[in-house]
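K.L.:
My structure is below; once you've seen it, I'll send some questions.
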Amino acid sequence: MSPVSRGFRHLHRASDEDAGRLPPGQYVTEGFPVLSARPTPRTPLEEWTFAITQGGQTRKSWTWQEFRALPAVTITADIHCVTRWSKLGTQWRGVPVDTLLDLAGYDGGPLQAEHGGPARLLVPHLYFWKNAKWVRGLDLRQADEPGFWEKYGYHMYGDPWREQRYAGD
Ligand SMILES: Nc1nc2c(c(=O)[nH]1)N[C@H]1C(S)=C(S)[C@@H](COP(=O)(O)O)O[C@H]1N2
Ligand SMILES: [Mo]
């Protein structure tokens, strides 16, 4: 028997409003086809674990109970199987990979002094010179004023997408 067991009834072309959401050669299905190459594993929840490993060593592992306690997000997405079915607007709830990596202790260390430690400003949408190192406070003002780099002729705003490198750009 084919590993694709069911769910291919009710395939149809996308309605006009869905057409822009459908990649070429795909059909919309209302069902949720099952596509498994092997038998379905049924791990008892008390035995289930999720681990982040590196170089053969476990950096962090969660039981199902611990995993369910992590901050989860809800996402709505269109999914597209290579066998040509697409299912629009599916809802999922789960833990973002970023959250897991943070908890596994990637980065997370103290900021080195050369890089502005113990605290620096982070303004990643502007050129990095706007990301002042060794900050000790914020001074709230009525009007913008040139700082150290801006007095040397660098741009007052500094958007890299608009190439605002120097005053007048
Ligand atoms: N206080 C302070 N902040 C600063 C600078 C500096 O010389 N002094 N250099 C800026 C510039 S030009 C850049 S590119 C980045 C460099 O940050 P990094 O040393 O962590 O790479 O810090 C910015 N923040
Ligand atoms: Mo810089």
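Numbering starts fresh at 1 for the residues of each chain in the structure tokens, the chains themselves are lettered A, B, ... in the order given, and ligands are numbered from 1 as they appear.
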Which residues form the shell of 8 Å around ligand 2 when you count only C-alpha atoms and all ligand atoms, given as a list of chain:residue names?

P.N.:
A:Tyr127, A:Phe128, A:Trp129

K.L.:
Export, as a PDB file, in the first residue's frame, the selected residues with C-alpha atoms.

P.N.:
ATOM      1  CA  TYR A 127      24.040  51.484  11.616  1.00  0.00           C
ATOM      2  CA  PHE A 128      26.006  49.950  14.449  1.00  0.00           C
ATOM      3  CA  TRP A 129      27.629  53.240  15.458  1.00  0.00           C
TER       4      TRP A 129
END

K.L.:
Which residues of chain A come within 9 Å of ligand 1, and what is each one's closest atom pair and distance in Å (one decimal), counting only C-alpha atoms and all ligand atoms, sorted by chain and residue number, as a tab-separated table?

P.N.:
residue	atom	partner	partner_atom_place_in_ligand_line	distance
A:Gln112	CA	ligand 1	20 (O)	8.5
A:Ala113	CA	ligand 1	20 (O)	8.9
A:Glu114	CA	ligand 1	19 (O)	6.0
A:His115	CA	ligand 1	20 (O)	3.5
A:Gly116	CA	ligand 1	20 (O)	6.2
A:Gly117	CA	ligand 1	20 (O)	9.0
A:Arg120	CA	ligand 1	3 (N)	7.7
A:Leu121	CA	ligand 1	24 (N)	8.1
A:Tyr127	CA	ligand 1	14 (S)	7.4
A:Phe128	CA	ligand 1	14 (S)	4.6
A:Trp129	CA	ligand 1	11 (C)	3.6
A:Lys130	CA	ligand 1	23 (C)	6.0
A:Asn131	CA	ligand 1	24 (N)	4.8
A:Ala132	CA	ligand 1	3 (N)	3.6
A:Lys133	CA	ligand 1	3 (N)	3.7
A:Trp134	CA	ligand 1	1 (N)	5.6
A:Val135	CA	ligand 1	1 (N)	7.0
A:Phe148	CA	ligand 1	8 (N)	8.5
A:Trp149	CA	ligand 1	12 (S)	7.8

K.L.:
With N, CA, C and O atoms kept, could you save the residues just selected as an mmCIF file, in the first residue's frame?

P.N.:
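Dumped to out_16.cif:
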data_model
loop_
_atom_site.group_PDB
_atom_site.id
_atom_site.type_symbol
_atom_site.label_atom_id
_atom_site.label_comp_id
_atom_site.auth_asym_id
_atom_site.auth_seq_id
_atom_site.Cartn_x
_atom_site.Cartn_y
_atom_site.Cartn_z
ATOM 1 N N GLN A 112 31.014 41.232 26.919
ATOM 2 C CA GLN A 112 32.428 41.539 27.160
ATOM 3 C C GLN A 112 32.663 43.046 27.153
ATOM 4 O O GLN A 112 32.012 43.779 26.405
ATOM 5 N N ALA A 113 33.629 43.485 27.952
ATOM 6 C CA ALA A 113 33.923 44.918 28.087
ATOM 7 C C ALA A 113 34.208 45.569 26.734
ATOM 8 O O ALA A 113 33.687 46.647 26.439
ATOM 9 N N GLU A 114 34.987 44.917 25.856
ATOM 10 C CA GLU A 114 35.302 45.513 24.544
ATOM 11 C C GLU A 114 34.042 45.773 23.733
ATOM 12 O O GLU A 114 34.010 46.655 22.881
ATOM 13 N N HIS A 115 33.007 44.947 23.945
ATOM 14 C CA HIS A 115 31.766 45.086 23.189
ATOM 15 C C HIS A 115 30.745 45.958 23.920
ATOM 16 O O HIS A 115 29.572 45.990 23.542
ATOM 17 N N GLY A 116 31.194 46.640 24.979
ATOM 18 C CA GLY A 116 30.299 47.599 25.631
ATOM 19 C C GLY A 116 29.811 47.166 26.996
ATOM 20 O O GLY A 116 28.989 47.858 27.602
ATOM 21 N N GLY A 117 30.282 46.001 27.457
ATOM 22 C CA GLY A 117 29.825 45.481 28.746
ATOM 23 C C GLY A 117 30.204 46.391 29.899
ATOM 24 O O GLY A 117 31.172 47.134 29.785
ATOM 25 N N ARG A 120 25.176 47.896 26.896
ATOM 26 C CA ARG A 120 25.251 48.749 25.726
ATOM 27 C C ARG A 120 23.854 48.924 25.164
ATOM 28 O O ARG A 120 22.943 48.168 25.494
ATOM 29 N N LEU A 121 23.703 49.922 24.268
ATOM 30 C CA LEU A 121 22.441 50.134 23.587
ATOM 31 C C LEU A 121 22.358 49.173 22.402
ATOM 32 O O LEU A 121 23.372 48.915 21.748
ATOM 33 N N TYR A 127 22.612 51.831 11.685
ATOM 34 C CA TYR A 127 24.040 51.484 11.616
ATOM 35 C C TYR A 127 24.571 51.264 13.032
ATOM 36 O O TYR A 127 24.114 51.881 13.999
ATOM 37 N N PHE A 128 25.558 50.416 13.131
ATOM 38 C CA PHE A 128 26.006 49.950 14.449
ATOM 39 C C PHE A 128 26.658 51.054 15.281
ATOM 40 O O PHE A 128 26.803 50.915 16.488
ATOM 41 N N TRP A 129 27.037 52.172 14.635
ATOM 42 C CA TRP A 129 27.629 53.240 15.458
ATOM 43 C C TRP A 129 26.584 53.845 16.403
ATOM 44 O O TRP A 129 26.934 54.465 17.403
ATOM 45 N N LYS A 130 25.279 53.655 16.062
ATOM 46 C CA LYS A 130 24.200 54.146 16.931
ATOM 47 C C LYS A 130 24.031 53.285 18.180
ATOM 48 O O LYS A 130 23.276 53.636 19.072
ATOM 49 N N ASN A 131 24.737 52.140 18.197
ATOM 50 C CA ASN A 131 24.585 51.181 19.300
ATOM 51 C C ASN A 131 25.672 51.448 20.349
ATOM 52 O O ASN A 131 26.660 50.728 20.469
ATOM 53 N N ALA A 132 25.464 52.530 21.104
ATOM 54 C CA ALA A 132 26.502 53.022 22.023
ATOM 55 C C ALA A 132 26.894 51.969 23.051
ATOM 56 O O ALA A 132 26.051 51.294 23.635
ATOM 57 N N LYS A 133 28.211 51.841 23.231
ATOM 58 C CA LYS A 133 28.751 50.906 24.222
ATOM 59 C C LYS A 133 28.905 51.607 25.570
ATOM 60 O O LYS A 133 28.972 52.817 25.653
ATOM 61 N N TRP A 134 28.977 50.823 26.619
ATOM 62 C CA TRP A 134 29.232 51.288 27.990
ATOM 63 C C TRP A 134 28.198 52.321 28.458
ATOM 64 O O TRP A 134 28.553 53.281 29.148
ATOM 65 N N VAL A 135 26.939 52.157 28.080
ATOM 66 C CA VAL A 135 25.925 53.152 28.461
ATOM 67 C C VAL A 135 25.673 53.128 29.969
ATOM 68 O O VAL A 135 25.727 52.089 30.613
ATOM 69 N N PHE A 148 28.678 62.038 19.485
ATOM 70 C CA PHE A 148 30.101 61.942 19.166
ATOM 71 C C PHE A 148 30.343 61.734 17.661
ATOM 72 O O PHE A 148 31.057 62.511 17.016
ATOM 73 N N TRP A 149 29.719 60.702 17.071
ATOM 74 C CA TRP A 149 29.982 60.378 15.662
ATOM 75 C C TRP A 149 29.323 61.389 14.732
ATOM 76 O O TRP A 149 29.871 61.731 13.675
#

K.L.:
So that I can see what lies close to Tyr106 in chain A, please list as a list of chain:residue names the residues with an atom at most 12 Å from it, counting only C-alpha atoms and leaving out residues fewer than 5 positions away in the same chain.

P.N.:
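Those residues are A:Ile52, A:Thr53, A:Gln54, A:Arg59, A:Lys60, A:Val97, A:Asp98, A:Thr99, A:Leu100, A:Leu101.
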
K.L.:
Fewer than 4 positions away in the same chain doesn't count, so skip those; otherwise give me all residues within 7 Å of Ala51 in chain A, counting only C-alpha atoms, as a ChimeraX atom specification.

P.N.:
/A:58,60-62

K.L.:
Using CA of Thr76 in chain A and CA of Trp161 in chain A as the two end points, give the distance in Å to one decimal.

P.N.:
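Straight-line distance from CA of Thr76 in chain A to CA of Trp161 in chain A works out to 29.5 Å.
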
K.L.:
Quote the spacing between CA of Gly147 in chain A and CA of Ala167 in chain A in Å to one decimal place.

P.N.:
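So the two atoms, CA of Gly147 in chain A and CA of Ala167 in chain A, lie 12.6 Å apart.
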
K.L.:
Have a look at CA of Tyr27 in chain A and CA of Gly94 in chain A and let me know their distance in Å, one decimal.

P.N.:
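If I compute the distance from CA of Tyr27 in chain A to CA of Gly94 in chain A, I get 26.7 Å.
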
K.L.:
Using DSSP on the backbone coordinates, identify all residues within range 27-161 of chain A classified as strand (DSSP E or B); present the result as a ChimeraX atom specification.

P.N.:
/A:27-28,34-35,49-54,57-63,73-80,85-94,154

K.L.:
Would you kindly return, as a list of chain:residue names, each protein, DNA or RNA residue with an atom no farther than 10 Å from any atom of Ala77 in chain A, considering only C-alpha atoms and excluding same-chain residues fewer than 4 positions away?

P.N.:
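Counting only the stated atoms, we get A:Lys87, A:Leu88, A:Gly89, A:Thr90, A:Gln91, A:Trp92.
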
K.L.:
Please write the residues from the selection above to a file, keeping N, CA, C and O atoms, as a PDB file, in the first residue's frame.

P.N.:
ATOM      1  N   LYS A  87      -2.891  22.965   2.510  1.00  0.00           N
ATOM      2  CA  LYS A  87      -3.981  23.207   3.460  1.00  0.00           C
ATOM      3  C   LYS A  87      -3.796  24.622   3.972  1.00  0.00           C
ATOM      4  O   LYS A  87      -2.738  24.964   4.500  1.00  0.00           O
ATOM      5  N   LEU A  88      -4.811  25.432   3.768  1.00  0.00           N
ATOM      6  CA  LEU A  88      -4.682  26.860   4.094  1.00  0.00           C
ATOM      7  C   LEU A  88      -5.178  27.136   5.510  1.00  0.00           C
ATOM      8  O   LEU A  88      -6.107  26.492   5.996  1.00  0.00           O
ATOM      9  N   GLY A  89      -4.520  28.100   6.161  1.00  0.00           N
ATOM     10  CA  GLY A  89      -5.005  28.598   7.455  1.00  0.00           C
ATOM     11  C   GLY A  89      -4.951  27.597   8.590  1.00  0.00           C
ATOM     12  O   GLY A  89      -5.827  27.588   9.443  1.00  0.00           O
ATOM     13  N   THR A  90      -3.929  26.735   8.627  1.00  0.00           N
ATOM     14  CA  THR A  90      -3.836  25.779   9.743  1.00  0.00           C
ATOM     15  C   THR A  90      -3.325  26.488  10.994  1.00  0.00           C
ATOM     16  O   THR A  90      -2.506  27.389  10.913  1.00  0.00           O
ATOM     17  N   GLN A  91      -3.850  26.086  12.156  1.00  0.00           N
ATOM     18  CA  GLN A  91      -3.433  26.703  13.427  1.00  0.00           C
ATOM     19  C   GLN A  91      -2.581  25.747  14.240  1.00  0.00           C
ATOM     20  O   GLN A  91      -2.879  24.556  14.322  1.00  0.00           O
ATOM     21  N   TRP A  92      -1.508  26.283  14.815  1.00  0.00           N
ATOM     22  CA  TRP A  92      -0.568  25.482  15.595  1.00  0.00           C
ATOM     23  C   TRP A  92      -0.231  26.218  16.878  1.00  0.00           C
ATOM     24  O   TRP A  92      -0.202  27.445  16.910  1.00  0.00           O
TER      25      TRP A  92
END
